[in-house]
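Asker: The structure follows.
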Number of protein chains: 2
Amino acid sequence: MQDLKSYAEEKVERARKVLRILSSIPTEVKNRTLLRAAELLDKRREYIKEENKKDIAFGESQGLSSALLDRLLLNDKRIDGMIKVLRDVASLPDPVGEITRMWQLPNGLKVGRMRVPLGVIFIVYEARPNVTIEAGSLCIKSSNAVILRGGKEAMNSNRALVEILREASAMEGFPEEAIQFIDRPEREIVWEILQMEGKVDVAIPRGGESLIRAVAEKARVPVIKHYKGVCNIYVDEEADLEKAYHIVYNAKVQRPSVCNAVENLIIHRKILNTFFPKMAYILGKAGVELRCDEDSLKVIKSDPRLSFVKAVPATEEDYYEEFLDLILAVKVVDSLEEAIDFIETYGSKHSDAIITENYTKAMKFLTEVDSAAVYVNASTRFTDGNEFGLGAEMGISTDKIHARGPMALEELTIQKFIIFGNGQVRDNFKVPEELLKEWKD
Amino acid sequence: MQDLKSYAEEKVERARKVLRILSSIPTEVKNRTLLRAAELLDKRREYIKEENKKDIAFGESQGLSSALLDRLLLNDKRIDGMIKVLRDVASLPDPVGEITRMWQLPNGLKVGRMRVPLGVIFIVYEARPNVTIEAGSLCIKSSNAVILRGGKEAMNSNRALVEILREASAMEGFPEEAIQFIDRPEREIVWEILQMEGKVDVAIPRGGESLIRAVAEKARVPVIKHYKGVCNIYVDEEADLEKAYHIVYNAKVQRPSVCNAVENLIIHRKILNTFFPKMAYILGKAGVELRCDEDSLKVIKSDPRLSFVKAVPATEEDYYEEFLDLILAVKVVDSLEEAIDFIETYGSKHSDAIITENYTKAMKFLTEVDSAAVYVNASTRFTDGNEFGLGAEMGISTDKIHARGPMALEELTIQKFIIFGNGQVRDNFKVPEELLKEWKD
């Protein structure tokens with residue numbers, strides 16, 4: 001058997017070899033490839049589901065949690081979702097080759113900035129096989145080569161999906177080697193690839209915090225990532241309370257296990273007694289446990305109608321925590337300033353929202369909260385490439401360089417400078433006239 | 001004396017503390033600060049030159065090379081240059097707050113992308129004190145906090161320049177703590193700051209390859225950099241030879257010690273005997289040593305008029321080398337394809353040029369050469385923030401993420417998502433009507 005290092009190198013080498021072809025692949029070839037993959041995926045539902053069953057059976061035998069098994073599952077609805085992603089991405093504008101700006105210098109040089117692919121993208125993810133299609137389709141459309149490394153528990157499902165992407169590529173003239181699949185389970189392969197500075201242009205880990213930390217720590221290649229989503233909603237004294245109930249409920253209860261769910265509810269003191277009892281009632285009925293500061297706990301404990309609500313004192317650590325569960329920490333503040341301070345201290349720069357009818361406070365919050373996505377009067381749950389209209393997402397960044405928030409087509413490109421001249425030289429430093437004339441052919 | 005770690009932490013902490021203020025500082029305050037600094041710099045020329053003399057004297061006593069002493073020197077012309085940078089940057093548009101795109105989703109949410117500062121930028125540079133003003137002015141204009149760490153040989157000059165930036169800030173209401181200066185020489189301080197993930201948002205090293213490699217290797221914070229500039233010029237068979245002579249001469253001879261000077265000259269075989277003898281003559285007269293492949297060496301050796309030209313066989317290593325000197329490697333190719341292959345193999349993704357009158361070849365070169373700046377019919381020496389009309393530059397990136405080429409105001413910002421809602425929740429998952437009605441205040 002091939003050793004791990006040469007296995008990893010070979011995958012990367014194969015991907016790099018097609019970068020030149022990718023740099024000028026026509027948009028229509030990319031779109032046809034995506035639509036063909038959608039067609040093949042539709043035709044091969046039974047095969048995909050069979051391969052997926054193998055993964056599920058193996059996962060069950062290994063005692064995977066039902067939450068994990070659910071992520072792993074591919075049913076018709078999820079296959080429909082992947083088909084939609086392929087079609088959506090095909091319908092979006094091609095980011096590559098876009099010249100975002102071009103200007104002329106006094107010397108006549110035309111300087112422009114043109115979007116080009118990043119190169120070789122290494123994506124490391126966990127159980128969800130649909131990431132294979134999201135990442136694959138975004139990389140095809142943005143002319144990048146991608147190295148896909150899904151969780152070992154999804155190996156059969158991912159392999160079947162990759163086959164479809166590669167087959168569609170071969171049929172439509174897109175270089176199939178642009179899609180590389182790590183079909184061996186050893187983690188060492190990941191560490192090897194993360195060392196290949198200059199060969200792998202960026203690594204994007206998606207999954208639990210421990211996976212992402214391991215990738216970030218071991219990588220010599222650039223990594224774009226978010227560790228966790230500690231999202232905050234601040235309900236201002238001038239909030240429309242009706243909106244606040246729905247937004248907080250949506251952000252906490254609809255799907256608590258995801259990174260854009262809310263973890264901290266910040267309440268202005270002036271509405272503590274008007275807003276919070278009903279909010280606590282609603283959340284309590286939905287089975288949410290509240291971890292409260294002193295003032296908010298008092299509200300709950302003093303109202304017998306809220307005796308059924310599970311409420312405990314919050315610790316300092318609770319406010320840093322991504323619960324990923326029906327748990328919400330509650331904090332009372334005296335001002336917008338204090339709310340922004342709180343978010344700066346405890347948040348993870350992912351998604352934060354203010355609920356207010358006051359224009360100036362809304363604008364202040366938008367400007368001063370330093371997070372990837374900042375909301376006024378909407379649920380943090382919208383932070384998602386597809387929801388934002390970007391077709392899909394490669395991941396979400398809470399980093400401060402390259403990209404913030406959901407990464408999609410544009411974020412998989414970078415701008416290079418292109419310069420059109422007609423003989424310009426710097427500082428008019430030219431070959432002296434005499435010297436030019438001395439030489440006779 | 002304070003220990004190095006707490007010294008480093010204090011500098012970073014002070015910078016971070018003003019980020020909130022910076023997030024909404026008005027453009028006019030920033031512009032007034034820059035113009036005030038220009039004024040102070042003009043008034044204190046004598047003081048600056050005296051401080052600079054201390055550095056020069058110390059440098060001489062340490063036996064610094066004359067090239068290094070020249071970089072260190074601040075004379076009136078260079079002070080004029082710094083004043084111009086401050087004024088130019090003041091006159092440029094403010095990148096912060098720009099909303100580059102905004103769209104409306106079917107549910108009525110308005111999603112936009114707004115440029116915001118990166119946060120705390122750590123710049124590590126070497127002997128040239130004018131970098132203090134370039135970096136300082138760009139960071140002021142882009143609302144970033146900056147930690148300046150210049151070479152220890154320029155300590156007095158840099159301190160005097162930082163005083164001006166901070167004094168101008170205090171006078172105009174810009175937070176002076178946004179400009180932090182490392183006024184101690186120990187290298188360990190640099191390594192400490194490079195560990196502060198989440199506290200320092202990006203590190204930008206400028207200088208020799210060994211400094212940059214050391215920074216990149218030790219950093220836990222993101223680094224944007226270029227290791228070296230191995231720039232290539234390809235003279236196509238359809239080149240206007242007159243343009244080619246001037247461009248190659250400019251790119252090699254004007255200032256060979258900089259990263260955008262040319263190191264490899266690639267020549268199409270069909271013009272080897274028409275173009276190259278005269279080019280070799282011109283370069284030879286300028287004192288350039290040529291490191292030639294077999295075919296180009298033959299041309300020189302077979303023409304007695306070129307006997308004065310210093311020409312030796314090129315080794316494989318020569319083509320990878322950034323000579324930073326009057327040395328040029330020469331390579332003959334049979335096609336544009338081969339030229340692009342050569343650049344991909346030996347270049348450093350910095351700046352590369354094609355000289356041709358053929359439109360299709362020019363466009364192919366622009367598209368397929370994967371470098372930060374790709375030129376048609378112009379000297380690679382233009383790769384520079386000021387030359388490109390960007391006011392100044394923070395550094396040049398040959399990385400593939402965040403920024404490629406000269407980094408100026410826009411590259412010191414990043415786009416965050418801003419979302420304007422009026423109560424939207426995801427998937428229409430709202431508090432059930434009954435539940436809302438159950439609670440009576």
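We name chains A, B, ... following the order of the structure tokens; residues begin at 1 in each chain, and ligands are numbered from 1 as shown.
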For chain A versus chain B, which residues have an atom no more than 6 Å away, and what is each residue's nearest atom pair and distance in Å rounded to one decimal, using only C-alpha atoms, chain-then-number order, as a tab-separated table?

Answerer:
residue	atom	partner	partner_atom	distance
A:Ser23	CA	B:Glu368	CA	5.9
A:Leu118	CA	B:Lys400	CA	6.0
A:Lys243	CA	B:Gly423	CA	5.1
A:His246	CA	B:Lys430	CA	5.2
A:Ile247	CA	B:Val425	CA	5.8
A:Asn250	CA	B:Phe429	CA	5.8
A:Glu368	CA	B:Ser23	CA	5.9
A:Ala372	CA	B:Lys416	CA	5.0
A:Ala373	CA	B:Phe417	CA	4.5
A:Val374	CA	B:Ile418	CA	5.0
A:Tyr375	CA	B:Ile419	CA	4.7
A:Val376	CA	B:Phe420	CA	5.1
A:Asn377	CA	B:Gly421	CA	4.9
A:Ala378	CA	B:Gln424	CA	4.8
A:Ser379	CA	B:Val425	CA	5.2
A:Lys400	CA	B:Leu118	CA	6.0
A:Ile401	CA	B:His402	CA	5.9
A:His402	CA	B:His402	CA	3.8
A:Arg404	CA	B:Lys416	CA	5.7
A:Lys416	CA	B:Ala372	CA	5.0
A:Phe417	CA	B:Ala373	CA	4.5
A:Ile418	CA	B:Val374	CA	5.0
A:Ile419	CA	B:Tyr375	CA	4.7
A:Phe420	CA	B:Val376	CA	5.1
A:Gly421	CA	B:Asn377	CA	4.9
A:Asn422	CA	B:Asn377	CA	5.2
A:Gly423	CA	B:Lys243	CA	5.1
A:Gln424	CA	B:Ala378	CA	4.9
A:Val425	CA	B:Ser379	CA	5.2
A:Phe429	CA	B:Asn250	CA	5.8
A:Lys430	CA	B:His246	CA	5.2
A:Val431	CA	B:His246	CA	5.5

Asker: Would you save the residues of that selection, restricted to C-alpha atoms, as an mmCIF file, in the first residue's frame?

Answerer:
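What follows is the written file result_18.cif:
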data_model
loop_
_atom_site.group_PDB
_atom_site.id
_atom_site.type_symbol
_atom_site.label_atom_id
_atom_site.label_comp_id
_atom_site.auth_asym_id
_atom_site.auth_seq_id
_atom_site.Cartn_x
_atom_site.Cartn_y
_atom_site.Cartn_z
ATOM 1 C CA SER A 23 -7.627 29.480 -15.308
ATOM 2 C CA LEU A 118 -7.514 30.702 -5.465
ATOM 3 C CA LYS A 243 -40.731 40.932 16.663
ATOM 4 C CA HIS A 246 -40.459 35.558 17.216
ATOM 5 C CA ILE A 247 -36.826 36.305 16.457
ATOM 6 C CA ASN A 250 -36.619 31.243 15.939
ATOM 7 C CA GLU A 368 -19.650 48.989 16.056
ATOM 8 C CA ALA A 372 -19.091 38.589 10.380
ATOM 9 C CA ALA A 373 -22.845 39.213 10.160
ATOM 10 C CA VAL A 374 -24.653 41.977 12.018
ATOM 11 C CA TYR A 375 -28.448 42.084 11.980
ATOM 12 C CA VAL A 376 -31.179 44.560 12.708
ATOM 13 C CA ASN A 377 -34.562 43.027 13.501
ATOM 14 C CA ALA A 378 -33.976 39.567 12.075
ATOM 15 C CA SER A 379 -32.960 36.129 13.263
ATOM 16 C CA LYS A 400 -10.618 38.924 9.999
ATOM 17 C CA ILE A 401 -8.793 38.463 6.700
ATOM 18 C CA HIS A 402 -9.894 37.318 3.241
ATOM 19 C CA ARG A 404 -16.048 37.133 6.863
ATOM 20 C CA LYS A 416 -4.830 40.020 -9.185
ATOM 21 C CA PHE A 417 -3.540 43.155 -10.883
ATOM 22 C CA ILE A 418 -3.542 43.259 -14.658
ATOM 23 C CA ILE A 419 -1.677 46.059 -16.395
ATOM 24 C CA PHE A 420 -2.002 47.083 -20.025
ATOM 25 C CA GLY A 421 0.907 49.180 -21.283
ATOM 26 C CA ASN A 422 2.352 50.374 -24.535
ATOM 27 C CA GLY A 423 5.996 50.531 -23.626
ATOM 28 C CA GLN A 424 5.898 52.378 -20.293
ATOM 29 C CA VAL A 425 8.993 52.313 -18.103
ATOM 30 C CA PHE A 429 14.507 55.558 -17.185
ATOM 31 C CA LYS A 430 15.094 54.362 -20.765
ATOM 32 C CA VAL A 431 18.047 53.051 -22.757
#

Asker: Can you list, as JSON, numbers by chain, every protein, DNA or RNA residue that comes within 7 Å of Tyr320 (chain A) when you count only C-alpha atoms, leaving out same-chain residues fewer than 6 positions away?

Answerer: {"A": [230, 346, 347]}

Asker: What is the distance between CA of Val124 (chain B) and CA of Ser210 (chain B), in Å to one decimal?

Answerer: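 It comes out at 12.5 Å.
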
Asker: Would you list the contacts of Val330 (chain A) as number ranges by chain, taking every protein, DNA or RNA residue within 8 Å and counting only C-alpha atoms, but skipping same-chain residues closer than 5 positions in sequence?

Answerer: A: 264-267, 290-293, 296, 314

Asker: Please, could you write that set of residues out with all heavy atoms as a CSV table (one decimal), in the first residue's frame?

Answerer:
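This went into selection13.csv:
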chain,number,residue,atom,x,y,z
A,264,ASN,N,-26.8,33.8,23.6
A,264,ASN,CA,-26.9,34.8,24.7
A,264,ASN,C,-28.0,35.7,24.3
A,264,ASN,O,-28.0,36.3,23.2
A,264,ASN,CB,-25.6,35.6,24.9
A,264,ASN,CG,-24.5,34.7,25.4
A,264,ASN,OD1,-24.7,33.9,26.3
A,264,ASN,ND2,-23.3,35.0,24.9
A,265,LEU,N,-28.9,35.9,25.2
A,265,LEU,CA,-30.0,36.9,25.1
A,265,LEU,C,-29.7,38.1,26.0
A,265,LEU,O,-29.5,37.9,27.2
A,265,LEU,CB,-31.3,36.3,25.5
A,265,LEU,CG,-32.5,37.3,25.5
A,265,LEU,CD1,-32.8,37.9,24.2
A,265,LEU,CD2,-33.8,36.5,26.0
A,266,ILE,N,-29.5,39.3,25.4
A,266,ILE,CA,-29.2,40.5,26.2
A,266,ILE,C,-30.4,41.4,26.2
A,266,ILE,O,-31.0,41.7,25.1
A,266,ILE,CB,-28.0,41.2,25.5
A,266,ILE,CG1,-26.8,40.2,25.2
A,266,ILE,CG2,-27.5,42.4,26.4
A,266,ILE,CD1,-25.8,40.7,24.2
A,267,ILE,N,-30.8,41.8,27.4
A,267,ILE,CA,-32.0,42.6,27.5
A,267,ILE,C,-31.8,43.9,28.2
A,267,ILE,O,-31.1,44.0,29.2
A,267,ILE,CB,-33.0,41.8,28.4
A,267,ILE,CG1,-33.2,40.4,27.8
A,267,ILE,CG2,-34.4,42.5,28.5
A,267,ILE,CD1,-34.0,39.4,28.7
A,290,LEU,N,-32.9,28.2,30.8
A,290,LEU,CA,-32.3,29.5,30.9
A,290,LEU,C,-31.2,29.6,31.9
A,290,LEU,O,-31.4,29.1,33.0
A,290,LEU,CB,-33.4,30.6,31.2
A,290,LEU,CG,-34.5,30.6,30.2
A,290,LEU,CD1,-35.6,31.6,30.6
A,290,LEU,CD2,-34.0,31.1,28.8
A,291,ARG,N,-30.1,30.2,31.5
A,291,ARG,CA,-29.0,30.5,32.5
A,291,ARG,C,-28.9,32.0,32.7
A,291,ARG,O,-28.5,32.7,31.8
A,291,ARG,CB,-27.7,29.9,32.0
A,291,ARG,CG,-27.8,28.5,31.5
A,291,ARG,CD,-26.7,27.6,32.1
A,291,ARG,NE,-27.0,26.2,31.8
A,291,ARG,CZ,-26.1,25.3,31.3
A,291,ARG,NH1,-24.9,25.7,31.1
A,291,ARG,NH2,-26.4,24.1,31.1
A,292,CYS,N,-29.4,32.4,33.9
A,292,CYS,CA,-29.7,33.8,34.0
A,292,CYS,C,-28.7,34.6,35.0
A,292,CYS,O,-28.2,34.0,35.9
A,292,CYS,CB,-31.1,34.0,34.7
A,292,CYS,SG,-32.4,33.3,33.6
A,293,ASP,N,-28.6,35.9,34.7
A,293,ASP,CA,-27.9,36.7,35.6
A,293,ASP,C,-28.8,37.0,36.8
A,293,ASP,O,-30.0,36.6,36.7
A,293,ASP,CB,-27.3,38.0,35.0
A,293,ASP,CG,-28.4,38.9,34.5
A,293,ASP,OD1,-29.6,38.5,34.5
A,293,ASP,OD2,-28.0,40.0,34.1
A,296,SER,N,-32.3,38.9,36.0
A,296,SER,CA,-33.3,38.1,35.1
A,296,SER,C,-33.8,36.9,35.9
A,296,SER,O,-35.0,36.5,35.8
A,296,SER,CB,-32.7,37.7,33.8
A,296,SER,OG,-31.5,37.0,33.9
A,314,ALA,N,-26.5,31.9,35.9
A,314,ALA,CA,-25.4,31.8,34.8
A,314,ALA,C,-24.0,32.0,35.5
A,314,ALA,O,-23.9,32.8,36.4
A,314,ALA,CB,-25.6,32.9,33.8

Asker: Residues within 12 Å of Lys77 (chain A), please, as a VMD selection string. Count only C-alpha atoms; anything in the same chain fewer than 6 positions from it doesn't count.

Answerer: chain A and resid 42 45 49 83 to 84 130

Asker: For a test of reading the model, state the distance in Å between CA of Ile193 (chain B) and CA of Glu9 (chain B), rounded to one decimal.

Answerer: 7.4 Å

Asker: List as an MDAnalysis selection string the protein and nucleic acid residues near Leu74 (chain B), meaning an atom at most 10 Å away when only C-alpha atoms are counted, but skip any in the same chain fewer than 2 places from it.

Answerer: chainID B and resid 45 48:53 56 70:72 76:80 82 128:130 157

Asker: Give me, please, the distance in Å between CA of Glu167 (chain B) and CA of Val18 (chain B), quoted to one decimal.

Answerer: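 Answer for the CA of Glu167 (chain B) to CA of Val18 (chain B) separation: 16.3 Å.
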
Asker: Using the chain letters and numbers from this document, which residues of region 21-245 of chain A does DSSP assign to strand (DSSP E), as number ranges by chain?

Answerer: A: 99-104, 110-117, 120-124, 145-149, 179-181, 202-205, 231-235

Asker: Leaving out Leu4 (chain A) and any residue of its chain fewer than 3 positions from it, which residues lie within 10 Å of it when counting only C-alpha atoms, given as a VMD selection string?

Answerer: chain A and resid 1 7 to 10 184 186 to 190 192
